[in-house]
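Contents: one structure, followed by commentary.
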Amino acid sequence: MDIGFIGLGQMGSGMAANLIKAGHRLTVYNRSPGKAAALAAQGAAVASAVSEACEGQAVVTMLADDNAVSGAALAKGGIVDSLAKGGLHISASTISVALSEKLTAAHAKAGQHFVSAPVFGRPEAAAAAKLAVVAAGDAAALDMSKPVFDAIGQKTFVISDVPSRANLVKLSANFLIASVIESLGEAMALVAKGGVDQNQYLEILTSTRPMAD
């Protein structure tokens with residue numbers, strides 16, 4: 001496929017590199033152009049504007065937050081303005097449900113496809129193509145997206161034909177992870193105040209299974 005990739009941070013760089021390795025023709029864009037140099041050496045074309053990254057069949061965004069994604073997609077000369085009818089936007093970023101719904105409507109109005117596909121995994125997993133992808137969108141868009149998912153991840157979970165539901169899954173999971181980390185921190189602080197060795201406590205937690213009464 002001819003794919004544009006917007007956002008070359010720690011996650012995006014690894015994902016983009018794996019698309020090149022999979023044989024896709026890639027055009028990359030990043031607000032700080034220097035981050036594109038390594039991918040250019042691997043064969044990627046470097047765009048000087050968002051619109052130049054939208055000349056192929058699909059464009060992938062991997063950006064920091066709602067503001068960044070909204071700016072790239074909805075601003076004048078952005079993805080919605082530039083992508084051809086029938087083109088595909090895959091949003092791999094962690095964004096709000098509200099923005100996902102707004103993007104879905106904007107792309108539909110422009111005759112384009114939109115898939116929300118946030119990912120689970122750290123930069124090492126992105127570089128190794130071992131991300132878990134949570135995808136949602138209409139059947140035709142998901143079918144178009146499959147080669148991208150296969151190149152960047154080790155497993156894809158298709159959960160709905162409504163894109164924003166993928167964002168709901170990602171946000172709720174992030175909340176759960178943060179809650180577990182906070183709870184563990186509180187428990188560690190509690191036992192330490194009671195004179196228990198924290199390393200031994202952690203070993204107990206990771207070496208035993210919950211037992212029924």
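All residue names refer to the structure tokens as shown: chains lettered A, B, ... in order, residues numbered from 1 in each chain, ligands numbered from 1 in order.
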- Message: With only C-alpha atoms as the counted atoms, please give the residues lying no more than 12 Å from A:Val148, apart from itself and same-chain residues fewer than 5 positions off, as a ChimeraX atom specification.
- Response: /A:1-5,15-26,57-60,88-92,115,117,129,131,133,135,141-143,153-156
- Non-local contacts of stretch 101-103 of chain A (12 Å; only C-alpha atoms; under 6 positions in same chain excluded) as a PyMOL selection string: chain A and resi 66+69-75+78-80+88-91+95+109-110+112-116+136-137+162-168
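Excluding A:Gln198 and any residue on its chain fewer than 3 positions from it, the residues at most 12 Å away by only C-alpha atoms are A:Leu184, A:Gly185, A:Glu186, A:Ala187, A:Met188, A:Ala189, A:Leu190, A:Val191, A:Ala192, A:Lys193, A:Gly194, A:Gly195, A:Tyr201, A:Leu202, A:Glu203, A:Ile204, A:Leu205.
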Let's have the selection written as a PDB file, in the first residue's frame, with N, CA and C atoms.
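Output saved as part-v2.pdb:
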ATOM      1  N   LEU A 184      -0.823  -0.556  44.305  1.00  0.00           N
ATOM      2  CA  LEU A 184       0.410  -1.244  44.692  1.00  0.00           C
ATOM      3  C   LEU A 184       1.312  -0.308  45.491  1.00  0.00           C
ATOM      4  N   GLY A 185       1.403   0.945  45.034  1.00  0.00           N
ATOM      5  CA  GLY A 185       2.220   1.917  45.753  1.00  0.00           C
ATOM      6  C   GLY A 185       1.730   2.136  47.174  1.00  0.00           C
ATOM      7  N   GLU A 186       0.419   2.221  47.351  1.00  0.00           N
ATOM      8  CA  GLU A 186      -0.154   2.410  48.685  1.00  0.00           C
ATOM      9  C   GLU A 186       0.124   1.195  49.576  1.00  0.00           C
ATOM     10  N   ALA A 187      -0.023  -0.013  48.995  1.00  0.00           N
ATOM     11  CA  ALA A 187       0.220  -1.229  49.766  1.00  0.00           C
ATOM     12  C   ALA A 187       1.687  -1.333  50.178  1.00  0.00           C
ATOM     13  N   MET A 188       2.600  -0.976  49.267  1.00  0.00           N
ATOM     14  CA  MET A 188       4.030  -1.024  49.581  1.00  0.00           C
ATOM     15  C   MET A 188       4.369  -0.038  50.686  1.00  0.00           C
ATOM     16  N   ALA A 189       3.780   1.154  50.619  1.00  0.00           N
ATOM     17  CA  ALA A 189       4.037   2.158  51.654  1.00  0.00           C
ATOM     18  C   ALA A 189       3.513   1.694  53.009  1.00  0.00           C
ATOM     19  N   LEU A 190       2.358   1.052  52.997  1.00  0.00           N
ATOM     20  CA  LEU A 190       1.755   0.575  54.238  1.00  0.00           C
ATOM     21  C   LEU A 190       2.625  -0.471  54.930  1.00  0.00           C
ATOM     22  N   VAL A 191       3.099  -1.475  54.165  1.00  0.00           N
ATOM     23  CA  VAL A 191       3.897  -2.531  54.807  1.00  0.00           C
ATOM     24  C   VAL A 191       5.255  -1.998  55.241  1.00  0.00           C
ATOM     25  N   ALA A 192       5.796  -1.036  54.486  1.00  0.00           N
ATOM     26  CA  ALA A 192       7.087  -0.463  54.862  1.00  0.00           C
ATOM     27  C   ALA A 192       6.968   0.272  56.196  1.00  0.00           C
ATOM     28  N   LYS A 193       5.874   0.991  56.392  1.00  0.00           N
ATOM     29  CA  LYS A 193       5.659   1.687  57.659  1.00  0.00           C
ATOM     30  C   LYS A 193       5.498   0.707  58.818  1.00  0.00           C
ATOM     31  N   GLY A 194       5.042  -0.492  58.501  1.00  0.00           N
ATOM     32  CA  GLY A 194       4.877  -1.520  59.525  1.00  0.00           C
ATOM     33  C   GLY A 194       6.117  -2.357  59.737  1.00  0.00           C
ATOM     34  N   GLY A 195       7.216  -1.998  59.060  1.00  0.00           N
ATOM     35  CA  GLY A 195       8.477  -2.684  59.273  1.00  0.00           C
ATOM     36  C   GLY A 195       8.719  -3.901  58.399  1.00  0.00           C
ATOM     37  N   TYR A 201       7.982  -8.418  50.358  1.00  0.00           N
ATOM     38  CA  TYR A 201       6.538  -8.272  50.149  1.00  0.00           C
ATOM     39  C   TYR A 201       6.191  -8.420  48.669  1.00  0.00           C
ATOM     40  N   LEU A 202       6.984  -7.785  47.815  1.00  0.00           N
ATOM     41  CA  LEU A 202       6.739  -7.881  46.379  1.00  0.00           C
ATOM     42  C   LEU A 202       6.925  -9.316  45.898  1.00  0.00           C
ATOM     43  N   GLU A 203       7.913 -10.005  46.455  1.00  0.00           N
ATOM     44  CA  GLU A 203       8.130 -11.410  46.081  1.00  0.00           C
ATOM     45  C   GLU A 203       6.930 -12.272  46.481  1.00  0.00           C
ATOM     46  N   ILE A 204       6.367 -11.990  47.649  1.00  0.00           N
ATOM     47  CA  ILE A 204       5.180 -12.709  48.088  1.00  0.00           C
ATOM     48  C   ILE A 204       4.030 -12.496  47.109  1.00  0.00           C
ATOM     49  N   LEU A 205       3.825 -11.243  46.704  1.00  0.00           N
ATOM     50  CA  LEU A 205       2.726 -10.925  45.802  1.00  0.00           C
ATOM     51  C   LEU A 205       2.878 -11.587  44.440  1.00  0.00           C
TER      52      LEU A 205
END
